[in-house]
Amino acid sequence: MTGAELFGRDRALVGMIHVAALPGTPRASLPVRAIAERAAAEARVLADAGFDALILENMHDVPYLRREVGPEIVAAMTAAGEAVRAAVDLPLGFQVLAGANRAAVAVAHAVGGRFVRVEGFVFASVADEGVLDEADAGPLLRYRRAIGAEAVRVVADVKKKHSAHAITADVDLPETARAAEFFGADGVVVTGTATGAPTDADDVAAVRAAIRAPVAVGSGVTPETAAMLLAHADALIVGSFFKEGGHWAAPPDAGRARELARAVEAARS
């Protein structure tokens, strides 16, 4: 598996679209059709700016449920995915928070998504939504096989953001990445401590040296850090910088999106 096979090209720029709060969640205010139309509009902004792939994520659904979400979330994410698929021709991924990895695989399979980003794939951690006490690799990959979704690739966060890892403090980041690869992850994601927080380039380099699978950076990417991170990463996943003011919850800013895409293109060349 290569970065190009996962994300559409080597050293890819991947835009994270945070869909509006979905039905039944505390901040929900829009009908599903409007949610889908907003996601498609953001996808067009990113495609026009030169992004290589997209991920849809339900980040506005705070506070998150742990591992399991209702059918209304799966249905709404599928509707948003179909709208984005109709709007742009880019590789598409899904993430369903928090750690609702089987739901993400089901959505991706229905829509024709290329990959899912998953939490809690190996080892245990304490996240802000609670303890992810069972590694999901075994159940998830069996579920993927059961529904015939082997074409949906799994990209797993390791030592993920918004989590405490004291219970695995004796397992370092490269070893965690090796475990994820051994357990069947098609790629891994390295992050900082929180959404928008910088990812340490040394961490990315250490994971790159430890595994053969593609390595993506999952937080804090800016035009200034793109070249340094792409020296070791196969993809940069960005959900904050291209928004107004660089805040994940703001609307997209086409100028900032183009600025980031230009920096990534310069880093490639």
# chains A, B, ... in the order shown; residues from 1 in each chain; ligands from 1
>>> residues_around(residues="Val204 in chain A", least_positions_apart="2", cutoff="7 Å", atoms="only C-alpha atoms", output="PyMOL selection string")
chain A and resi 190+200-202+206-208+232-233
>>> residues_around(residues="Arg153 in chain A", least_positions_apart="3", cutoff="10 Å", atoms="only C-alpha atoms", output="list in words")
Met1, Glu5, Leu6, Gly93, Val105, Ala108, Gly113, Arg114, Phe115, Val116, Arg117, Arg144, Ala149, Glu150, Ala156, Gly184, Ala185, Asp186 and Gly187 of chain A
>>> residues_around(residues="Leu97 in chain A", least_positions_apart="6", cutoff="8 Å", atoms="only C-alpha atoms", output="MDAnalysis selection string")
chainID A and resid 57:59 61 64:67
>>> closest_residue(among="A:Trp248, A:Glu37, A:Pro139, A:Ile17", to="Val96 in chain A", atoms="only C-alpha atoms")
A:Ile17
>>> residues_around(residues="Arg85 in chain A", least_positions_apart="2", cutoff="12 Å", atoms="only C-alpha atoms", output="PyMOL selection string")
chain A and resi 36-37+39-41+43-44+47+53-56+78-83+87-93+108+110-114
>>> residues_around(residues="Pro174 in chain A", least_positions_apart="4", cutoff="9 Å", atoms="only C-alpha atoms", output="PyMOL selection string")
chain A and resi 158+178-179+203+206-211
>>> atom_distance(atom1="CA of Asp48 in chain A", atom2="CA of Gly255 in chain A")
10.8 Å
>>> residues_around(residues="Phe123 in chain A", least_positions_apart="3", cutoff="12 Å", atoms="only C-alpha atoms", output="PyMOL selection string")
chain A and resi 119-120+126+131-138+156-160+165-173+175-180+183
>>> select_by_dssp(residues="range 58-224 of chain A", states="helix (DSSP H, G or I)", output="JSON, numbers by chain")
{"A": [71, 72, 73, 74, 75, 76, 77, 78, 79, 80, 81, 82, 83, 84, 85, 86, 87, 101, 102, 103, 104, 105, 106, 107, 108, 109, 110, 111, 137, 138, 139, 140, 141, 142, 143, 144, 145, 146, 166, 167, 168, 173, 174, 175, 176, 177, 178, 179, 180, 181, 182, 201, 202, 203, 204, 205, 206, 207, 208, 209, 210]}
>>> residues_around(residues="Arg102 in chain A", least_positions_apart="4", cutoff="8 Å", atoms="only C-alpha atoms", output="list in words")
Ala106, Leu140, Tyr143 and Arg144 of chain A
>>> closest_residue(among="A:Ala98, A:Ile147, A:Ala213, A:Leu260", to="Ser240 in chain A", atoms="only C-alpha atoms")
A:Leu260
>>> atom_distance(atom1="CA of Ala257 in chain A", atom2="CA of Ala235 in chain A")
15.8 Å
>>> select_by_dssp(residues="range 126-269 of chain A", states="strand (DSSP E)", output="list of chain:residue names")
A:Val126, A:Ala127, A:Gly130, A:Val131, A:Leu132, A:Arg153, A:Val154, A:Val155, A:Ala156, A:Asp157, A:Ser163, A:Ala164, A:Gly187, A:Val188, A:Val189, A:Val190, A:Val215, A:Ala216, A:Val217, A:Ala235, A:Leu236, A:Ile237, A:Val238
>>> write_last_selection(atoms="N, CA and C atoms", output="mmCIF file, in the first residue's frame")
data_model
loop_
_atom_site.group_PDB
_atom_site.id
_atom_site.type_symbol
_atom_site.label_atom_id
_atom_site.label_comp_id
_atom_site.auth_asym_id
_atom_site.auth_seq_id
_atom_site.Cartn_x
_atom_site.Cartn_y
_atom_site.Cartn_z
ATOM 1 N N VAL A 126 -7.261 6.665 27.354
ATOM 2 C CA VAL A 126 -8.319 7.404 28.035
ATOM 3 C C VAL A 126 -8.563 8.674 27.234
ATOM 4 N N ALA A 127 -9.696 8.719 26.550
ATOM 5 C CA ALA A 127 -10.043 9.864 25.721
ATOM 6 C C ALA A 127 -11.003 10.778 26.478
ATOM 7 N N GLY A 130 -14.157 9.087 27.322
ATOM 8 C CA GLY A 130 -14.112 7.926 28.187
ATOM 9 C C GLY A 130 -12.982 6.990 27.829
ATOM 10 N N VAL A 131 -12.984 5.826 28.440
ATOM 11 C CA VAL A 131 -11.917 4.853 28.240
ATOM 12 C C VAL A 131 -12.206 4.028 26.987
ATOM 13 N N LEU A 132 -11.260 4.046 26.050
ATOM 14 C CA LEU A 132 -11.306 3.120 24.913
ATOM 15 C C LEU A 132 -10.492 1.906 25.336
ATOM 16 N N ARG A 153 -10.012 1.158 2.880
ATOM 17 C CA ARG A 153 -8.754 1.047 3.612
ATOM 18 C C ARG A 153 -8.868 1.699 4.991
ATOM 19 N N VAL A 154 -8.077 1.197 5.931
ATOM 20 C CA VAL A 154 -8.114 1.668 7.321
ATOM 21 C C VAL A 154 -6.842 2.439 7.638
ATOM 22 N N VAL A 155 -7.017 3.707 8.026
ATOM 23 C CA VAL A 155 -5.904 4.563 8.422
ATOM 24 C C VAL A 155 -6.088 4.857 9.911
ATOM 25 N N ALA A 156 -5.160 4.393 10.736
ATOM 26 C CA ALA A 156 -5.344 4.379 12.184
ATOM 27 C C ALA A 156 -4.514 5.443 12.883
ATOM 28 N N ASP A 157 -5.165 6.231 13.736
ATOM 29 C CA ASP A 157 -4.429 7.137 14.614
ATOM 30 C C ASP A 157 -3.617 6.334 15.619
ATOM 31 N N SER A 163 -6.313 12.629 24.032
ATOM 32 C CA SER A 163 -6.303 11.397 24.814
ATOM 33 C C SER A 163 -5.100 11.374 25.748
ATOM 34 N N ALA A 164 -5.243 10.630 26.830
ATOM 35 C CA ALA A 164 -4.130 10.359 27.736
ATOM 36 C C ALA A 164 -3.628 8.949 27.474
ATOM 37 N N GLY A 187 -2.513 2.312 6.898
ATOM 38 C CA GLY A 187 -1.715 3.507 7.107
ATOM 39 C C GLY A 187 -1.930 3.979 8.529
ATOM 40 N N VAL A 188 -1.113 4.926 8.988
ATOM 41 C CA VAL A 188 -1.260 5.461 10.335
ATOM 42 C C VAL A 188 -1.255 6.979 10.287
ATOM 43 N N VAL A 189 -1.802 7.575 11.357
ATOM 44 C CA VAL A 189 -1.853 9.024 11.495
ATOM 45 C C VAL A 189 -1.130 9.423 12.772
ATOM 46 N N VAL A 190 -0.233 10.396 12.647
ATOM 47 C CA VAL A 190 0.504 10.956 13.793
ATOM 48 C C VAL A 190 -0.013 12.368 14.021
ATOM 49 N N VAL A 215 2.287 7.071 6.148
ATOM 50 C CA VAL A 215 2.200 7.851 7.381
ATOM 51 C C VAL A 215 1.591 9.209 7.045
ATOM 52 N N ALA A 216 0.533 9.568 7.749
ATOM 53 C CA ALA A 216 -0.109 10.863 7.565
ATOM 54 C C ALA A 216 0.063 11.712 8.829
ATOM 55 N N VAL A 217 0.141 13.017 8.637
ATOM 56 C CA VAL A 217 0.128 13.975 9.745
ATOM 57 C C VAL A 217 -1.308 14.414 9.951
ATOM 58 N N ALA A 235 1.154 12.086 3.629
ATOM 59 C CA ALA A 235 -0.023 12.934 3.479
ATOM 60 C C ALA A 235 -0.121 13.892 4.657
ATOM 61 N N LEU A 236 -0.732 15.037 4.406
ATOM 62 C CA LEU A 236 -1.051 16.012 5.443
ATOM 63 C C LEU A 236 -2.564 16.151 5.497
ATOM 64 N N ILE A 237 -3.148 15.822 6.654
ATOM 65 C CA ILE A 237 -4.591 15.957 6.851
ATOM 66 C C ILE A 237 -4.833 17.269 7.592
ATOM 67 N N VAL A 238 -5.612 18.162 6.980
ATOM 68 C CA VAL A 238 -5.779 19.521 7.510
ATOM 69 C C VAL A 238 -7.259 19.833 7.682
#
>>> decode(residues="range 148-166 of chain A", atoms="N, CA and C atoms", output="PDB file, in the first residue's frame")
ATOM      1  N   GLY A 148     -18.217  -7.200   3.079  1.00  0.00           N
ATOM      2  CA  GLY A 148     -17.609  -7.129   1.759  1.00  0.00           C
ATOM      3  C   GLY A 148     -16.991  -5.789   1.437  1.00  0.00           C
ATOM      4  N   ALA A 149     -16.442  -5.123   2.454  1.00  0.00           N
ATOM      5  CA  ALA A 149     -15.913  -3.769   2.277  1.00  0.00           C
ATOM      6  C   ALA A 149     -14.387  -3.735   2.284  1.00  0.00           C
ATOM      7  N   GLU A 150     -13.743  -4.807   1.838  1.00  0.00           N
ATOM      8  CA  GLU A 150     -12.273  -4.847   1.887  1.00  0.00           C
ATOM      9  C   GLU A 150     -11.621  -3.730   1.084  1.00  0.00           C
ATOM     10  N   ALA A 151     -12.341  -3.158   0.128  1.00  0.00           N
ATOM     11  CA  ALA A 151     -11.780  -2.051  -0.654  1.00  0.00           C
ATOM     12  C   ALA A 151     -11.647  -0.770   0.165  1.00  0.00           C
ATOM     13  N   VAL A 152     -12.332  -0.689   1.309  1.00  0.00           N
ATOM     14  CA  VAL A 152     -12.229   0.474   2.188  1.00  0.00           C
ATOM     15  C   VAL A 152     -10.994   0.299   3.069  1.00  0.00           C
ATOM     16  N   ARG A 153     -10.012   1.158   2.880  1.00  0.00           N
ATOM     17  CA  ARG A 153      -8.754   1.047   3.612  1.00  0.00           C
ATOM     18  C   ARG A 153      -8.868   1.699   4.991  1.00  0.00           C
ATOM     19  N   VAL A 154      -8.077   1.197   5.931  1.00  0.00           N
ATOM     20  CA  VAL A 154      -8.114   1.668   7.321  1.00  0.00           C
ATOM     21  C   VAL A 154      -6.842   2.439   7.638  1.00  0.00           C
ATOM     22  N   VAL A 155      -7.017   3.707   8.026  1.00  0.00           N
ATOM     23  CA  VAL A 155      -5.904   4.563   8.422  1.00  0.00           C
ATOM     24  C   VAL A 155      -6.088   4.857   9.911  1.00  0.00           C
ATOM     25  N   ALA A 156      -5.160   4.393  10.736  1.00  0.00           N
ATOM     26  CA  ALA A 156      -5.344   4.379  12.184  1.00  0.00           C
ATOM     27  C   ALA A 156      -4.514   5.443  12.883  1.00  0.00           C
ATOM     28  N   ASP A 157      -5.165   6.231  13.736  1.00  0.00           N
ATOM     29  CA  ASP A 157      -4.429   7.137  14.614  1.00  0.00           C
ATOM     30  C   ASP A 157      -3.617   6.334  15.619  1.00  0.00           C
ATOM     31  N   VAL A 158      -2.398   6.794  15.908  1.00  0.00           N
ATOM     32  CA  VAL A 158      -1.565   6.175  16.941  1.00  0.00           C
ATOM     33  C   VAL A 158      -1.210   7.231  17.979  1.00  0.00           C
ATOM     34  N   LYS A 159      -1.371   6.858  19.271  1.00  0.00           N
ATOM     35  CA  LYS A 159      -1.188   7.813  20.368  1.00  0.00           C
ATOM     36  C   LYS A 159      -1.957   9.098  20.058  1.00  0.00           C
ATOM     37  N   LYS A 160      -3.245   8.957  19.782  1.00  0.00           N
ATOM     38  CA  LYS A 160      -4.023  10.025  19.178  1.00  0.00           C
ATOM     39  C   LYS A 160      -4.222  11.224  20.101  1.00  0.00           C
ATOM     40  N   LYS A 161      -4.543  12.349  19.458  1.00  0.00           N
ATOM     41  CA  LYS A 161      -4.814  13.596  20.163  1.00  0.00           C
ATOM     42  C   LYS A 161      -6.067  13.471  21.021  1.00  0.00           C
ATOM     43  N   HIS A 162      -6.236  14.427  21.933  1.00  0.00           N
ATOM     44  CA  HIS A 162      -7.374  14.467  22.853  1.00  0.00           C
ATOM     45  C   HIS A 162      -7.458  13.211  23.708  1.00  0.00           C
ATOM     46  N   SER A 163      -6.313  12.629  24.032  1.00  0.00           N
ATOM     47  CA  SER A 163      -6.303  11.397  24.814  1.00  0.00           C
ATOM     48  C   SER A 163      -5.100  11.374  25.748  1.00  0.00           C
ATOM     49  N   ALA A 164      -5.243  10.630  26.830  1.00  0.00           N
ATOM     50  CA  ALA A 164      -4.130  10.359  27.736  1.00  0.00           C
ATOM     51  C   ALA A 164      -3.628   8.949  27.474  1.00  0.00           C
ATOM     52  N   HIS A 165      -2.307   8.792  27.467  1.00  0.00           N
ATOM     53  CA  HIS A 165      -1.707   7.503  27.122  1.00  0.00           C
ATOM     54  C   HIS A 165      -0.811   6.979  28.246  1.00  0.00           C
ATOM     55  N   ALA A 166      -1.123   7.348  29.480  1.00  0.00           N
ATOM     56  CA  ALA A 166      -0.303   6.901  30.607  1.00  0.00           C
ATOM     57  C   ALA A 166      -0.310   5.385  30.743  1.00  0.00           C
TER      58      ALA A 166
END
